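Participant: This is the content of final_32.txt (compact mmCIF, C-alpha atoms):
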# COMPACT_ATOMS: atom_id res chain seq x y z
CA MET Y 1 -3.25 9.33 -58.95
CA SER Y 2 -5.25 6.13 -59.55
CA GLY Y 3 -2.06 4.46 -60.77
CA GLU Y 4 -0.34 5.31 -57.49
CA ARG Y 5 -3.25 3.86 -55.50
CA ASP Y 6 -3.15 0.66 -57.58
CA LYS Y 7 0.57 0.38 -56.93
CA ALA Y 8 0.03 0.83 -53.19
CA ARG Y 9 -2.73 -1.80 -53.18
CA GLY Y 10 -0.46 -4.14 -55.13
CA SER Y 11 2.26 -3.69 -52.52
CA ASP Y 12 -0.19 -4.51 -49.72
CA GLU Y 13 -1.37 -7.63 -51.58
CA ALA Y 14 2.19 -8.82 -52.04
CA ILE Y 15 2.81 -8.43 -48.32
CA ARG Y 16 -0.35 -10.38 -47.46
CA GLU Y 17 0.50 -13.15 -49.89
CA SER Y 18 3.95 -13.54 -48.33
CA GLY Y 19 2.37 -14.49 -44.98
CA ASP Y 20 2.36 -12.71 -41.65
CA GLY Y 21 6.07 -11.92 -41.73
CA ILE Y 22 6.64 -14.07 -38.66
CA ARG Y 23 6.54 -17.73 -39.64
CA GLY Y 24 9.24 -18.98 -41.95
CA ALA Y 25 9.82 -22.13 -43.98
CA ALA Y 26 12.51 -24.65 -43.09
CA PRO Y 27 15.17 -24.53 -45.84
CA GLY Y 28 16.70 -27.65 -47.32
CA THR Y 29 16.83 -30.40 -44.72
CA ALA Y 30 16.84 -28.02 -41.73
CA PRO Y 31 14.31 -28.96 -39.03
CA VAL Y 32 13.05 -25.36 -38.68
CA PRO Y 33 13.68 -21.98 -40.33
CA LEU Y 34 17.23 -20.73 -39.79
CA SER Y 35 18.10 -17.08 -39.26
CA VAL Y 36 21.09 -14.89 -38.34
CA LEU Y 37 21.82 -12.68 -35.34
CA ASP Y 38 24.78 -10.37 -35.93
CA LEU Y 39 26.43 -8.25 -33.24
CA VAL Y 40 28.55 -6.54 -35.92
CA THR Y 41 31.66 -7.38 -33.92
CA VAL Y 42 34.93 -5.49 -34.32
CA GLY Y 43 38.09 -7.59 -34.12
CA ALA Y 44 41.52 -6.45 -32.96
CA GLY Y 45 43.32 -4.86 -35.91
CA ARG Y 46 39.98 -4.14 -37.63
CA THR Y 47 37.80 -1.03 -37.83
CA ALA Y 48 34.10 -0.42 -37.40
CA SER Y 49 33.95 0.11 -41.16
CA ASP Y 50 35.35 -3.40 -41.61
CA ALA Y 51 32.66 -4.73 -39.27
CA VAL Y 52 29.87 -3.02 -41.21
CA ARG Y 53 31.22 -4.37 -44.51
CA THR Y 54 31.23 -7.85 -42.98
CA ALA Y 55 27.65 -7.35 -41.81
CA VAL Y 56 26.61 -6.55 -45.38
CA GLY Y 57 28.43 -9.64 -46.60
CA ILE Y 58 26.73 -11.86 -44.01
CA ALA Y 59 23.28 -10.41 -44.76
CA ARG Y 60 23.73 -10.96 -48.49
CA THR Y 61 25.06 -14.47 -47.93
CA ALA Y 62 22.14 -15.25 -45.63
CA GLU Y 63 19.69 -14.01 -48.25
CA ARG Y 64 21.33 -16.00 -51.04
CA ARG Y 65 21.44 -19.21 -49.01
CA GLY Y 66 17.85 -19.14 -47.76
CA PHE Y 67 18.11 -17.93 -44.15
CA HIS Y 68 14.77 -16.44 -43.08
CA ARG Y 69 15.80 -13.24 -41.31
CA TYR Y 70 18.83 -11.21 -40.20
CA TRP Y 71 18.77 -9.24 -36.96
CA VAL Y 72 21.16 -6.85 -35.23
CA ALA Y 73 21.20 -6.14 -31.49
CA GLU Y 74 21.51 -2.86 -29.58
CA HIS Y 75 24.61 -2.64 -27.39
CA HIS Y 76 26.40 0.38 -25.99
CA SER Y 77 29.88 1.32 -24.75
CA MET Y 78 31.40 -1.97 -25.94
CA PRO Y 79 34.45 -1.46 -28.20
CA GLY Y 80 34.03 -4.87 -29.80
CA VAL Y 81 30.36 -4.43 -30.77
CA ALA Y 82 29.41 -1.89 -33.46
CA SER Y 83 25.63 -2.28 -33.27
CA SER Y 84 24.71 0.65 -31.04
CA SER Y 85 22.29 2.03 -33.66
CA PRO Y 86 20.15 -0.81 -35.06
CA ALA Y 87 17.93 1.44 -37.18
CA VAL Y 88 20.92 3.00 -38.93
CA LEU Y 89 22.48 -0.39 -39.63
CA LEU Y 90 19.20 -1.83 -40.87
CA ALA Y 91 18.74 1.06 -43.31
CA HIS Y 92 22.19 0.32 -44.74
CA LEU Y 93 21.47 -3.40 -44.95
CA ALA Y 94 18.10 -2.78 -46.60
CA ALA Y 95 19.91 -0.99 -49.42
CA HIS Y 96 22.13 -4.05 -49.99
CA THR Y 97 19.49 -6.81 -49.84
CA GLU Y 98 16.24 -7.55 -51.62
CA ARG Y 99 14.25 -10.30 -49.91
CA ILE Y 100 15.55 -11.34 -46.50
CA ARG Y 101 13.72 -10.04 -43.43
CA LEU Y 102 15.72 -7.48 -41.45
CA GLY Y 103 15.16 -6.52 -37.85
CA SER Y 104 16.28 -5.73 -34.35
CA GLY Y 105 17.14 -8.43 -31.89
CA GLY Y 106 16.57 -6.14 -30.27
CA VAL Y 107 16.00 -2.48 -29.65
CA MET Y 108 16.05 -1.82 -25.90
CA LEU Y 109 12.73 -0.05 -25.42
CA PRO Y 110 13.48 1.63 -22.06
CA ASN Y 111 16.42 3.45 -23.71
CA HIS Y 112 14.15 5.32 -26.13
CA ALA Y 113 10.91 7.24 -26.40
CA PRO Y 114 8.31 4.97 -28.03
CA LEU Y 115 7.49 7.64 -30.62
CA VAL Y 116 11.12 7.70 -31.77
CA ILE Y 117 11.16 3.92 -32.28
CA ALA Y 118 7.84 4.06 -34.15
CA GLU Y 119 9.23 6.74 -36.45
CA GLN Y 120 12.50 4.89 -37.05
CA PHE Y 121 10.87 1.58 -37.87
CA GLY Y 122 8.13 3.24 -39.88
CA THR Y 123 10.91 4.74 -41.98
CA LEU Y 124 12.58 1.35 -42.32
CA GLU Y 125 9.26 -0.17 -43.38
CA ALA Y 126 8.99 2.49 -46.08
CA MET Y 127 12.49 1.57 -47.27
CA ALA Y 128 11.92 -2.20 -47.28
CA PRO Y 129 8.16 -2.86 -47.28
CA GLY Y 130 7.15 -6.13 -45.69
CA ARG Y 131 10.71 -7.02 -44.64
CA ILE Y 132 11.17 -5.31 -41.26
CA ASP Y 133 10.89 -6.88 -37.79
CA LEU Y 134 10.83 -4.89 -34.56
CA GLY Y 135 12.23 -6.97 -31.72
CA LEU Y 136 12.14 -5.31 -28.30
CA GLY Y 137 14.02 -5.91 -25.08
CA ARG Y 138 13.72 -4.36 -21.63
CA ALA Y 139 17.37 -4.58 -20.52
CA PRO Y 140 19.65 -1.56 -21.04
CA GLY Y 141 22.07 -3.42 -23.34
CA THR Y 142 24.99 -2.06 -21.31
CA ASP Y 143 26.10 -1.18 -17.77
CA GLY Y 144 24.18 1.04 -15.37
CA ALA Y 145 26.26 4.18 -15.89
CA THR Y 146 25.90 4.02 -19.68
CA ALA Y 147 22.18 3.34 -19.33
CA ALA Y 148 21.88 6.47 -17.16
CA ALA Y 149 23.67 8.48 -19.86
CA LEU Y 150 21.30 7.12 -22.50
CA ARG Y 151 18.11 7.65 -20.52
CA ARG Y 152 19.08 10.85 -18.67
CA THR Y 153 17.85 9.40 -15.39
CA GLU Y 154 19.37 7.52 -12.47
CA ARG Y 155 16.11 5.65 -11.79
CA LEU Y 156 16.88 2.83 -14.16
CA HIS Y 157 14.54 0.32 -12.52
CA GLU Y 158 11.61 2.36 -13.74
CA GLY Y 159 12.46 1.56 -17.35
CA ALA Y 160 12.06 -2.18 -16.81
CA ASP Y 161 9.09 -1.84 -14.48
CA ASP Y 162 7.31 0.38 -17.00
CA PHE Y 163 8.02 -1.91 -19.94
CA PRO Y 164 4.41 -3.11 -20.48
CA GLN Y 165 3.18 0.48 -20.50
CA GLN Y 166 5.95 1.56 -22.87
CA LEU Y 167 5.11 -1.37 -25.13
CA ALA Y 168 1.43 -0.40 -25.17
CA GLU Y 169 2.33 3.18 -26.06
CA LEU Y 170 4.64 2.05 -28.86
CA THR Y 171 1.93 -0.22 -30.25
CA ARG Y 172 -0.52 2.68 -30.25
CA PHE Y 173 1.94 4.84 -32.19
CA LEU Y 174 2.64 2.05 -34.70
CA ASP Y 175 -1.09 1.48 -35.25
CA ASP Y 176 -2.06 5.16 -34.96
CA SER Y 177 -4.73 4.04 -32.52
CA PHE Y 178 -4.76 6.34 -29.49
CA PRO Y 179 -8.39 6.86 -28.42
CA ASP Y 180 -10.08 10.23 -28.57
CA GLY Y 181 -9.21 12.30 -25.53
CA HIS Y 182 -5.81 10.71 -25.04
CA PRO Y 183 -2.99 13.29 -24.73
CA TYR Y 184 -1.28 11.68 -27.75
CA ALA Y 185 -4.40 11.26 -29.89
CA ARG Y 186 -3.28 14.06 -32.24
CA ILE Y 187 0.31 12.84 -32.47
CA HIS Y 188 1.19 10.53 -35.34
CA ALA Y 189 4.27 8.44 -36.05
CA VAL Y 190 5.27 9.22 -39.62
CA PRO Y 191 5.80 7.27 -41.84
CA GLY Y 192 2.79 5.35 -40.59
CA PRO Y 193 -0.90 4.51 -40.95
CA VAL Y 194 -2.06 8.14 -40.65
CA GLN Y 195 -0.80 8.71 -44.18
CA ALA Y 196 -3.28 6.15 -45.51
CA THR Y 197 -6.19 8.02 -43.94
CA SER Y 198 -5.11 11.48 -45.03
CA PRO Y 199 -6.79 13.02 -48.11
CA GLY Y 200 -5.27 11.38 -51.16
CA GLY Y 201 -3.30 9.00 -48.97
CA VAL Y 202 -1.86 5.84 -50.54
CA GLN Y 203 0.54 4.80 -47.79
CA SER Y 204 0.62 1.07 -47.00
CA ARG Y 205 -1.05 0.27 -43.70
CA HIS Y 206 1.34 -2.61 -43.07
CA ARG Y 207 3.70 -2.16 -40.12
CA PRO Y 208 6.61 -4.21 -38.74
CA PRO Y 209 5.54 -7.14 -36.53
CA LEU Y 210 6.50 -6.80 -32.87
CA TRP Y 211 8.60 -9.44 -31.13
CA LEU Y 212 9.45 -9.59 -27.44
CA LEU Y 213 12.95 -10.69 -26.49
CA GLY Y 214 14.08 -12.13 -23.21
CA SER Y 215 16.56 -14.18 -21.20
CA SER Y 216 14.19 -14.95 -18.32
CA GLY Y 217 10.48 -15.39 -17.69
CA PHE Y 218 9.20 -11.80 -17.67
CA SER Y 219 9.07 -11.22 -21.43
CA ALA Y 220 8.06 -14.85 -22.03
CA ARG Y 221 4.90 -14.39 -20.00
CA LEU Y 222 4.17 -10.95 -21.45
CA ALA Y 223 4.66 -12.15 -25.05
CA GLY Y 224 2.34 -15.09 -24.39
CA SER Y 225 -0.38 -13.00 -22.79
CA LEU Y 226 -0.33 -10.57 -25.73
CA GLY Y 227 -0.19 -13.27 -28.40
CA LEU Y 228 3.14 -12.02 -29.77
CA PRO Y 229 6.11 -13.98 -31.11
CA PHE Y 230 8.91 -14.54 -28.60
CA ALA Y 231 12.69 -14.69 -29.04
CA PHE Y 232 14.78 -16.22 -26.26
CA ALA Y 233 18.52 -15.61 -25.75
CA HIS Y 234 19.59 -19.23 -25.41
CA HIS Y 235 23.12 -18.25 -26.48
CA PHE Y 236 23.78 -16.55 -23.13
CA SER Y 237 21.05 -17.90 -20.87
CA ALA Y 238 20.83 -21.58 -21.78
CA ALA Y 239 19.76 -22.73 -18.31
CA ASN Y 240 16.58 -20.66 -18.60
CA THR Y 241 15.62 -21.73 -22.12
CA LEU Y 242 13.18 -24.55 -21.41
CA PRO Y 243 11.47 -22.85 -18.44
CA ALA Y 244 11.01 -19.65 -20.47
CA LEU Y 245 9.62 -21.47 -23.50
CA ASP Y 246 7.27 -23.48 -21.31
CA LEU Y 247 6.06 -20.28 -19.65
CA TYR Y 248 5.54 -18.59 -23.02
CA ARG Y 249 3.50 -21.48 -24.35
CA ALA Y 250 1.46 -21.82 -21.16
CA SER Y 251 0.76 -18.07 -21.09
CA PHE Y 252 -0.11 -17.80 -24.78
CA ARG Y 253 -3.43 -16.30 -25.77
CA PRO Y 254 -4.39 -16.18 -29.47
CA SER Y 255 -4.37 -12.70 -30.99
CA GLU Y 256 -4.79 -10.97 -34.32
CA VAL Y 257 -1.06 -11.51 -34.77
CA LEU Y 258 -0.77 -15.22 -33.97
CA SER Y 259 -3.23 -18.05 -33.49
CA GLU Y 260 -0.60 -20.21 -31.77
CA PRO Y 261 2.80 -19.65 -30.13
CA TYR Y 262 5.86 -18.93 -32.24
CA ALA Y 263 9.24 -18.93 -30.50
CA LEU Y 264 12.74 -18.62 -31.86
CA ILE Y 265 15.92 -19.06 -29.85
CA GLY Y 266 19.30 -17.44 -30.37
CA VAL Y 267 22.06 -20.03 -30.78
CA ALA Y 268 25.82 -19.52 -30.74
CA ALA Y 269 27.21 -21.76 -33.48
CA LEU Y 270 30.32 -21.79 -35.65
CA ALA Y 271 31.39 -24.31 -38.28
CA ALA Y 272 34.77 -24.82 -39.91
CA GLU Y 273 36.21 -27.50 -42.15
CA GLU Y 274 38.14 -28.94 -39.21
CA GLU Y 275 37.12 -29.22 -35.55
CA ARG Y 276 40.42 -27.75 -34.37
CA GLU Y 277 39.92 -24.60 -36.45
CA ALA Y 278 36.37 -24.19 -35.17
CA ARG Y 279 37.65 -24.43 -31.59
CA ARG Y 280 40.39 -21.94 -32.37
CA GLN Y 281 37.84 -19.45 -33.69
CA VAL Y 282 35.30 -19.75 -30.87
CA MET Y 283 38.03 -19.23 -28.28
CA THR Y 284 38.25 -15.62 -29.46
CA GLY Y 285 34.63 -15.15 -28.40
CA ALA Y 286 35.33 -16.95 -25.14
CA LEU Y 287 38.16 -14.59 -24.26
CA SER Y 288 35.96 -11.62 -25.19
CA MET Y 289 33.33 -12.86 -22.73
CA VAL Y 290 35.92 -13.34 -19.98
CA ARG Y 291 37.04 -9.75 -20.39
CA LEU Y 292 33.49 -8.45 -20.54
CA ARG Y 293 32.45 -10.31 -17.39
CA THR Y 294 35.48 -8.98 -15.52
CA GLY Y 295 34.89 -5.36 -16.51
CA ARG Y 296 37.47 -5.23 -19.31
CA PRO Y 297 35.45 -5.04 -22.54
CA GLY Y 298 37.50 -4.60 -25.68
CA LEU Y 299 37.88 -5.58 -29.30
CA VAL Y 300 37.46 -9.24 -30.18
CA PRO Y 301 40.95 -10.77 -29.84
CA SER Y 302 42.64 -12.63 -32.67
CA PRO Y 303 42.94 -16.43 -32.55
CA GLU Y 304 46.66 -16.03 -31.86
CA GLU Y 305 45.98 -13.76 -28.87
CA ALA Y 306 43.41 -16.18 -27.51
CA GLU Y 307 45.80 -19.11 -27.89
CA ALA Y 308 48.55 -17.24 -26.03
CA TYR Y 309 46.32 -16.00 -23.19
CA GLY Y 310 46.94 -17.51 -19.77
CA PHE Y 311 43.51 -18.30 -18.32
CA SER Y 312 43.23 -18.49 -14.55
CA ALA Y 313 41.48 -21.50 -13.03
CA MET Y 314 38.34 -19.43 -12.46
CA GLU Y 315 38.45 -18.08 -16.01
CA ARG Y 316 38.97 -21.59 -17.38
CA ASP Y 317 35.87 -22.80 -15.52
CA PHE Y 318 33.87 -19.94 -17.00
CA VAL Y 319 35.15 -20.67 -20.51
CA ASP Y 320 34.32 -24.37 -20.21
CA THR Y 321 30.77 -23.54 -19.15
CA TRP Y 322 30.37 -20.90 -21.85
CA LEU Y 323 31.71 -23.15 -24.62
CA GLY Y 324 29.32 -25.87 -23.49
CA ASN Y 325 26.54 -23.75 -24.98
CA VAL Y 326 28.37 -22.94 -28.23
CA ILE Y 327 27.76 -25.45 -31.01
CA HIS Y 328 31.03 -25.68 -32.91
CA GLY Y 329 33.01 -28.08 -35.01
CA THR Y 330 32.74 -29.53 -38.49
CA PRO Y 331 29.62 -28.78 -40.55
CA ASP Y 332 28.19 -32.22 -39.78
CA ALA Y 333 28.78 -31.74 -36.06
CA VAL Y 334 27.14 -28.31 -36.08
CA ARG Y 335 24.18 -29.63 -38.06
CA GLN Y 336 23.70 -32.42 -35.52
CA GLY Y 337 23.95 -29.96 -32.66
CA LEU Y 338 21.35 -27.66 -34.20
CA ASP Y 339 19.04 -30.59 -34.94
CA ASP Y 340 19.32 -31.82 -31.36
CA LEU Y 341 18.66 -28.35 -29.95
CA ALA Y 342 15.58 -27.85 -32.12
CA LYS Y 343 14.21 -31.22 -31.03
CA ARG Y 344 15.00 -30.67 -27.34
CA THR Y 345 13.44 -27.21 -27.13
CA GLY Y 346 10.68 -27.44 -29.72
CA ALA Y 347 11.77 -24.02 -31.00
CA ASP Y 348 9.97 -22.84 -34.12
CA GLU Y 349 13.10 -21.14 -35.46
CA LEU Y 350 16.84 -21.09 -34.74
CA MET Y 351 18.70 -17.78 -34.99
CA ILE Y 352 22.43 -18.40 -35.32
CA THR Y 353 25.11 -16.03 -34.09
CA ALA Y 354 28.73 -16.74 -34.99
CA ASN Y 355 31.25 -15.38 -32.49
CA ALA Y 356 34.73 -15.08 -33.97
CA HIS Y 357 37.43 -12.50 -34.59
CA GLY Y 358 37.42 -12.25 -38.34
CA GLY Y 359 34.72 -11.69 -40.91
CA PRO Y 360 35.94 -14.48 -43.24
CA ALA Y 361 35.55 -17.13 -40.51
CA ARG Y 362 32.04 -15.98 -39.71
CA LEU Y 363 30.99 -15.79 -43.35
CA ARG Y 364 32.48 -19.22 -44.01
CA SER Y 365 30.59 -20.67 -41.08
CA TYR Y 366 27.21 -19.59 -42.46
CA GLU Y 367 28.13 -21.02 -45.86
CA LEU Y 368 29.15 -24.35 -44.32
CA ILE Y 369 25.97 -24.58 -42.26
CA ALA Y 370 23.92 -23.85 -45.37
CA ASP Y 371 25.85 -26.55 -47.26
CA ALA Y 372 25.25 -29.04 -44.47
CA TYR Y 373 21.49 -28.55 -44.82
CA GLY Y 374 21.47 -28.46 -48.61
CA MET Y 375 20.24 -24.87 -48.64
If you took the structure in this file and wrote it as structure tokens, what would it be?

Facilitator:
Amino acid sequence: MSGERDKARGSDEAIRESGDGIRGAAPGTAPVPLSVLDLVTVGAGRTASDAVRTAVGIARTAERRGFHRYWVAEHHSMPGVASSSPAVLLAHLAAHTERIRLGSGGVMLPNHAPLVIAEQFGTLEAMAPGRIDLGLGRAPGTDGATAAALRRTERLHEGADDFPQQLAELTRFLDDSFPDGHPYARIHAVPGPVQATSPGGVQSRHRPPLWLLGSSGFSARLAGSLGLPFAFAHHFSAANTLPALDLYRASFRPSEVLSEPYALIGVAALAAEEEREARRQVMTGALSMVRLRTGRPGLVPSPEEAEAYGFSAMERDFVDTWLGNVIHGTPDAVRQGLDDLAKRTGADELMITANAHGGPARLRSYELIADAYGM
């Protein structure tokens, strides 16, 4: 038994020595830590199994090349996005990686009971100690009808309005810290800290760090006031990036988690050996967004389908605006774009998402970006 306790203490020490699990180190010549956001997209002519295999390949490539973390995002009822169950995907990815941080970018808290999330991510922490992040959002990650089916209620506004209370409840479950007399004081999220305080318990007390995600000011202010790290969705809300980051920094109050603000931003970026090929690949994501915004979500089209598509004038205006926020081109061009964005926003970390039809193009993009920074 003493050997088991020593092993548990050794695991805790290793986690402490690795830092707080939030801050990363800039690899190579990159200006800040680089990470990966993967929607586990499904292209036309491909299956969900293909998408999951690609996700494993990207996660392993990211780990080998020195990216700091790899996140998946909760979406529902979208044929071209196979990331409806982040916890399930992360368990699979944990089995195929060894060092890279894995997490949710994010889990949509109003869709789930806080206890369920605490149990899921406690289990993930047991599978990959010290490597799990829990990023939380307050949007449904889908349309209103699907959100109602997920939540079993038509009063969807209550989920967002109640987000701070749901967050507090989730934190209590993760820390096993409900006060005496609380209705949930005798309820414990397992795996979790209660196992360390049980007779003979050797469970690590470490738990996944919480991140708040957002595309506007609400989560920025809340993350700042709680002293939590903040992730902003620059890749689809670029106009709000600087105001949200300013609000986060102005609202920040030091906490046990962070002594100063730490903000990452999601960035759409794709590199190819030639500019024309990069443009050809990102147009598949552009057409996907056109269809999504017009109520026609589907699989990610092939480059050939995107090239043959006849965009209306309104659709062309949308595509031009959307592509203006996608960094794409040769590796040198993408590196310059990422450098400029980091300097302009002061972001502490860049999380890159590559939107394209095929897995090989996305994998190649991450390799080229790593090459460009000498990672």

Participant: Please list as a list in words every residue within 6 Å of region 119-133 of chain Y, counting only C-alpha atoms and excluding residues in the same chain fewer than 2 positions away.

Facilitator: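 Selected residues are Ile15, Arg101, Leu102, Gly103, Val116, Ile117, Ala189, Val190, Pro191, Gly192, Pro208 and Pro209 of chain Y.
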
Participant: Need to verify the contact set: region 47-58 of chain Y, 6 Å, only C-alpha atoms, exclusion of same-chain residues closer than 6 positions in sequence. Can you return it as a VMD selection string?

Facilitator: chain Y and resid 40 359 363

Participant: Which residue is closest to Leu134 (chain Y)? Choose from Y:Met314, Y:Ala196, Y:Val88, Y:Leu213 and count all atoms listed in the file.

Facilitator: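 Result for the nearest residue to Leu134 (chain Y): Y:Leu213.
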
Participant: Here is a test: counting only C-alpha atoms, which residue of Y:Asp246, Y:Glu305, Y:Glu74, Y:Glu349 is nearest to Gly43 (chain Y)?

Facilitator: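 Ranked by minimum distance to Gly43 (chain Y), first place goes to Y:Glu305.
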
Participant: Rounded to one decimal, what separation in Å do you get between CA of Leu247 (chain Y) and CA of Trp322 (chain Y)?

Facilitator: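 Result for CA of Leu247 (chain Y) versus CA of Trp322 (chain Y): 24.4 Å, one decimal.
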
Participant: Write out as a Markdown table the residues of region 54-115 of chain Y that have any atom within 8 Å of an atom of region 165-176 of chain Y, one row each with the nearest atom pair and its distance in Å to one decimal, counting all atoms listed in the file, sorted by chain and then rising number.

Facilitator:
| residue | atom | partner | partner_atom | distance |
| --- | --- | --- | --- | --- |
| Y:Leu109 | CA | Y:Gln166 | CA | 7.4 |
| Y:Pro110 | CA | Y:Gln166 | CA | 7.6 |
| Y:Pro114 | CA | Y:Leu170 | CA | 4.8 |
| Y:Leu115 | CA | Y:Phe173 | CA | 6.4 |

Participant: Rounded to one decimal place, report the CA of Glu260 (chain Y)-CA of Ala139 (chain Y) distance in Å.

Facilitator: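 If I compute the distance from CA of Glu260 (chain Y) to CA of Ala139 (chain Y), I get 26.3 Å.
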
Participant: With distances taken over only C-alpha atoms, which residue among Y:Ala239, Y:Ile22, Y:Leu270, Y:Ala87 lies nearest Asp332 (chain Y)?

Facilitator: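 Residue with the minimum atom-to-atom distance to Asp332 (chain Y): Y:Leu270.
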
Participant: Considering only C-alpha atoms, state which residue in the set Y:Gly358, Y:Pro254, Y:Gly224, Y:Pro331 is at the smallest distance from Gly45 (chain Y).

Facilitator: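 Of the candidates, the smallest distance to Gly45 (chain Y) is held by Y:Gly358.
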
Participant: Y:Phe318, Y:His68, Y:Ser104, Y:His357: which is nearest Ala26 (chain Y), counting all atoms listed in the file?

Facilitator: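 For Ala26 (chain Y), the nearest of the candidates is Y:His68.
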
Participant: Do you have the CA of Thr146 (chain Y)-CA of Phe232 (chain Y) distance handy?

Facilitator: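 Value for the CA of Thr146 (chain Y)-CA of Phe232 (chain Y) distance: 24.0 Å.
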
Participant: Counting all atoms listed in the file, which residues come within 12 Å of (29.6, 0.6, -28.7), with the point read in the file's coordinates, and could you list them as a PyMOL selection string?

Facilitator: chain Y and resi 39-42+48+73-86+141-143+146+297-299

Participant: For Ala25 (chain Y), which residue among Y:Pro360, Y:Leu90, Y:Pro301, Y:Phe67 is the nearest when counting only C-alpha atoms?

Facilitator: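 Between Y:Pro360, Y:Leu90, Y:Pro301, Y:Phe67, the residue approaching Ala25 (chain Y) most closely is Y:Phe67.
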
Participant: Leaving out region 28-38 of chain Y and any residue of its chain fewer than 5 positions from it, which residues lie within 8 Å of it when counting all atoms listed in the file, given as a ChimeraX atom specification?

Facilitator: /Y:55,62,67-73,105,266,339,342,347-354,373-375

Participant: Do you know which residues are at most 7 Å from Gly137 (chain Y) counting all atoms listed in the file, after dropping those on the same chain fewer than 6 positions away, and could you put them as number ranges by chain?

Facilitator: Y: 106-109, 212-214

Participant: Using all atoms listed in the file, what residues lie at most 7 Å away from (36.0, -15.1, -33.1) (file coordinates), given as a count of residues only?

Facilitator: 10
